[in-house]
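**Q** Could you have a look at this structure, given as structure tokens, before my questions?
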Amino acid sequence: MAINEVFDLSGKVVFVTGAGAGAGAGLGVEFAESAADAGADVVRADINLEGAEQTAESVEKLGRKALAVECDTTSIEQVESAVAQTISVFGKVDVLINNAGIADPVPARLHEYDVDNWRRVLDVDLNGVFNCSKAVLGHMVQAGSGKIINIASMSGLSGSSSVFPIPAYNASKGAVVNLTRELGLQYAADGIQANALCPGFYRTRLAGGAYDDPDFVAAVTAFTPMRRVAKAAEIRGPALFLATSASDYMTGQTLVVDGECLAK
Ligand SMILES: NC(=O)c1ccc[n+]([C@@H]2O[C@H](COP(=O)([O-])OP(=O)(O)OC[C@H]3O[C@@H](n4cnc5c(N)ncnc54)[C@H](O)[C@@H]3O)[C@@H](O)[C@H]2O)c1
């Protein structure tokens with residue numbers, strides 16, 4: 001197979017959650033645009049419909065079909081409705097990218113951590129992944145193929161307190177990494193691959209605009225061996241690897257793209 005065919009998504013339908021951060025912002029936007037660039041039609045499901053619609057235009061500009069759906073991934077009913085809309089418009093979901101996520105609203109050590117914030121972070125960052133995977137997997141099993149990419153974090157493979165205390169994020173992303181292993185095992189014989197992608201520090205709108213704060217950027221830059229924060233677009237290549245036939249013999253695994261933070 002020619003190498004450009006290995007990375008080709010022509011005829012595929014990619015469903016990305018959290019792809020409504022707006023043009024030029026958010027890893028979900030990068031996933032959606034790179035999938036369209038590789039030939040896929042793209043569904044953008046986000047709690048922020050306006051953002052999803054805005055960025056759906058960028059998919060259409062690339063000559064692909066786009067569907068923007070308002071969807072809070074913590075609601076199984078909204079997720080099932082978004083997947084049902086996708087099936088009625090496109091007939092299938094080939095790739096699910098579980099990207100919607102939030103950071104700890106107020107970083108704090110555990111004994112001072114707000115209980116509602118704990119529940120909210122786990123609800124979005126872990127339960128949302130469960131809801132979307134549950135809604136899509138039946139269709140993938142029926143089709144005998146599919147790929148799930150769970151956007152975890154390097155914070156799911158280590159603690160973060162040397163930078164800031166984010167226990168709910170660490171707990172939920174760690175759970176996503178291990179859920180990915182279990183999904184890989186459960187569906188390996190069904191032609192479905194599930195892998196986790198663990199970014200380091202990427203400039204997006206995560207954490208209420210933390211990447212606009214020079215002190216935050218200085219701290220995470222100093223923590224990163226490569227001594228820079230990644231551009232959001234730098235996630236495109238690793239995601240495309242996991243979304244295409246390039247990764248057909250890989251499942252239940254974790255791909256870390258973090259400027260070497262975890263190697264320390
Ligand atoms: N930016 C980073 O440095 C970084 C590092 C590691 C992991 N991640 C992960 O990457 C993913 C994307 O983050 P980002 O940096 O692009 O953040 P972002 O804040 O720019 O984008 C997140 C998107 O998710 C949407 N969203 C939030 N809650 C939702 C919900 N309940 N239902 C549906 N959509 C919802 C938001 O509206 C937004 O469009 C997250 O899972 C995040 O944890 C980001």
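Chains: A, B, ... in order of the structure tokens. Residues: from 1 per chain. Ligands: from 1, in order shown.
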Can I get the residues close to ligand 1 as a tab-separated table (two decimals) with C-alpha atoms, in the first residue's frame, where close means within 8 Å and we count only C-alpha atoms and all ligand atoms?
**A**
chain	number	residue	atom	x	y	z
A	17	THR	CA	-16.16	15.43	20.97
A	18	GLY	CA	-15.07	18.80	22.30
A	19	ALA	CA	-14.41	20.16	18.84
A	20	GLY	CA	-16.12	23.47	19.48
A	21	ALA	CA	-13.39	25.57	21.05
A	22	GLY	CA	-13.54	27.87	18.01
A	25	ALA	CA	-8.20	26.85	19.30
A	26	GLY	CA	-8.48	23.47	20.96
A	27	LEU	CA	-7.10	20.06	20.19
A	28	GLY	CA	-10.58	18.95	19.03
A	29	VAL	CA	-10.49	21.52	16.26
A	45	ALA	CA	-20.04	17.29	19.11
A	46	ASP	CA	-19.62	19.97	21.74
A	47	ILE	CA	-21.45	21.52	24.65
A	48	ASN	CA	-20.81	24.77	22.78
A	51	GLY	CA	-18.15	26.81	18.41
A	52	ALA	CA	-18.93	23.44	16.83
A	70	GLU	CA	-24.83	20.27	20.58
A	71	CYS	CA	-23.90	17.59	23.07
A	72	ASP	CA	-22.87	17.50	26.70
A	73	THR	CA	-20.87	14.29	26.91
A	74	THR	CA	-21.81	13.83	30.57
A	75	SER	CA	-25.40	13.16	29.47
A	98	ASN	CA	-13.05	11.18	22.93
A	99	ASN	CA	-11.54	14.61	23.32
A	100	ALA	CA	-13.99	16.72	25.37
A	101	GLY	CA	-12.36	17.53	28.66
A	102	ILE	CA	-11.92	20.11	31.37
A	103	ALA	CA	-9.11	20.93	33.77
A	123	ASP	CA	-17.99	13.44	35.05
A	124	VAL	CA	-16.58	15.17	31.96
A	125	ASP	CA	-13.12	13.58	31.75
A	128	GLY	CA	-18.01	11.35	29.14
A	151	ILE	CA	-7.48	11.87	24.70
A	152	ALA	CA	-5.96	11.31	28.12
A	153	SER	CA	-2.89	13.30	29.22
A	154	MET	CA	0.60	12.84	30.51
A	155	SER	CA	-1.15	13.71	33.79
A	169	TYR	CA	-7.61	15.50	36.43
A	173	LYS	CA	-7.02	10.74	32.97
A	198	CYS	CA	-1.40	11.55	26.10
A	199	PRO	CA	-0.43	15.13	25.27
A	200	GLY	CA	1.89	17.24	27.39
A	201	PHE	CA	1.44	21.03	27.35
A	202	TYR	CA	-0.36	22.30	24.22
A	203	ARG	CA	-1.45	25.89	23.77
A	204	THR	CA	-5.29	25.81	23.80
A	205	ARG	CA	-8.10	27.38	25.81
A	206	LEU	CA	-7.90	24.65	28.47
A	207	ALA	CA	-7.97	25.69	32.12
A	208	GLY	CA	-9.83	28.96	31.59
A	232	ALA	CA	-2.12	22.82	19.15
**Q** Which of stretch 52-218 of chain A counts as alpha helix (DSSP H) under DSSP, as number ranges by chain please?
**A** A: 52-61, 76-90, 115-122, 128-143, 167-187, 206-209, 214-218
**Q** The selected residues should be written to file as a short mmCIF file (atom, residue, chain, number, x, y, z; two decimals), in the first residue's frame (atoms: C-alpha atoms).
**A**
data_model
loop_
_atom_site.label_atom_id
_atom_site.label_comp_id
_atom_site.auth_asym_id
_atom_site.auth_seq_id
_atom_site.Cartn_x
_atom_site.Cartn_y
_atom_site.Cartn_z
CA ALA A 52 -18.93 23.44 16.83
CA GLU A 53 -20.82 25.17 14.00
CA GLN A 54 -18.06 27.73 13.45
CA THR A 55 -15.44 25.07 13.15
CA ALA A 56 -17.69 22.82 11.06
CA GLU A 57 -17.28 25.49 8.39
CA SER A 58 -13.56 24.83 8.31
CA VAL A 59 -14.26 21.15 7.57
CA GLU A 60 -16.58 22.12 4.71
CA LYS A 61 -13.90 24.46 3.36
CA ILE A 76 -25.92 9.66 28.05
CA GLU A 77 -29.20 10.86 26.49
CA GLN A 78 -27.50 13.72 24.63
CA VAL A 79 -24.66 11.45 23.53
CA GLU A 80 -27.07 8.78 22.25
CA SER A 81 -29.01 11.46 20.38
CA ALA A 82 -25.80 12.85 18.81
CA VAL A 83 -24.74 9.36 17.70
CA ALA A 84 -28.25 8.65 16.35
CA GLN A 85 -28.09 11.90 14.30
CA THR A 86 -24.69 10.82 12.99
CA ILE A 87 -25.99 7.41 11.96
CA SER A 88 -28.99 8.94 10.22
CA VAL A 89 -26.82 11.44 8.28
CA PHE A 90 -23.68 9.37 7.58
CA VAL A 115 -16.21 18.23 46.23
CA ASP A 116 -18.37 19.59 43.38
CA ASN A 117 -15.28 20.29 41.27
CA TRP A 118 -14.07 16.73 41.90
CA ARG A 119 -17.39 15.32 40.67
CA ARG A 120 -17.54 17.64 37.65
CA VAL A 121 -14.03 16.82 36.42
CA LEU A 122 -14.62 13.08 36.75
CA GLY A 128 -18.01 11.35 29.14
CA VAL A 129 -15.57 8.85 27.64
CA PHE A 130 -17.72 5.98 28.93
CA ASN A 131 -20.92 7.52 27.52
CA CYS A 132 -19.53 8.17 24.04
CA SER A 133 -17.75 4.82 23.79
CA LYS A 134 -20.90 3.01 24.92
CA ALA A 135 -23.06 4.82 22.36
CA VAL A 136 -20.68 4.18 19.46
CA LEU A 137 -19.32 0.69 20.15
CA GLY A 138 -22.49 -1.21 19.24
CA HIS A 139 -22.34 0.32 15.74
CA MET A 140 -18.64 -0.50 15.43
CA VAL A 141 -19.18 -4.13 16.52
CA GLN A 142 -21.93 -4.44 13.90
CA ALA A 143 -19.61 -2.97 11.26
CA PRO A 167 -5.95 15.46 41.66
CA ALA A 168 -9.29 15.11 39.82
CA TYR A 169 -7.61 15.50 36.43
CA ASN A 170 -4.86 13.01 37.36
CA ALA A 171 -7.45 10.51 38.61
CA SER A 172 -9.77 10.77 35.61
CA LYS A 173 -7.02 10.74 32.97
CA GLY A 174 -5.35 7.79 34.68
CA ALA A 175 -8.68 5.97 34.60
CA VAL A 176 -9.04 6.78 30.89
CA VAL A 177 -5.63 5.23 30.19
CA ASN A 178 -6.63 2.01 31.92
CA LEU A 179 -10.14 2.00 30.45
CA THR A 180 -8.40 2.19 27.07
CA ARG A 181 -6.43 -0.98 27.84
CA GLU A 182 -9.65 -2.74 28.80
CA LEU A 183 -11.48 -1.50 25.68
CA GLY A 184 -8.56 -2.70 23.58
CA LEU A 185 -8.85 -6.18 25.10
CA GLN A 186 -12.65 -6.35 24.97
CA TYR A 187 -12.86 -5.45 21.28
CA LEU A 206 -7.90 24.65 28.47
CA ALA A 207 -7.97 25.69 32.12
CA GLY A 208 -9.83 28.96 31.59
CA GLY A 209 -7.14 30.57 29.47
CA PRO A 214 2.82 34.29 31.25
CA ASP A 215 3.55 32.84 34.73
CA PHE A 216 1.77 29.58 33.85
CA VAL A 217 3.56 29.36 30.50
CA ALA A 218 6.93 30.09 32.16
#
**Q** Atom CA of A:Glu260 and atom CA of A:Phe31, how far apart in Å?
**A** 21.8 Å
**Q** With DSSP run on the backbone, what are the strand (DSSP E or B) residues within stretch 160-244 of chain A? I'd like them as a list of chain:residue names.
**A**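 Those in stretch 160-244 of chain A that DSSP calls strand (DSSP E or B) are A:Ile192, A:Gln193, A:Ala194, A:Asn195, A:Ala196, A:Leu197, A:Cys198, A:Pro199, A:Tyr202, A:Arg203, A:Ala230, A:Lys231.
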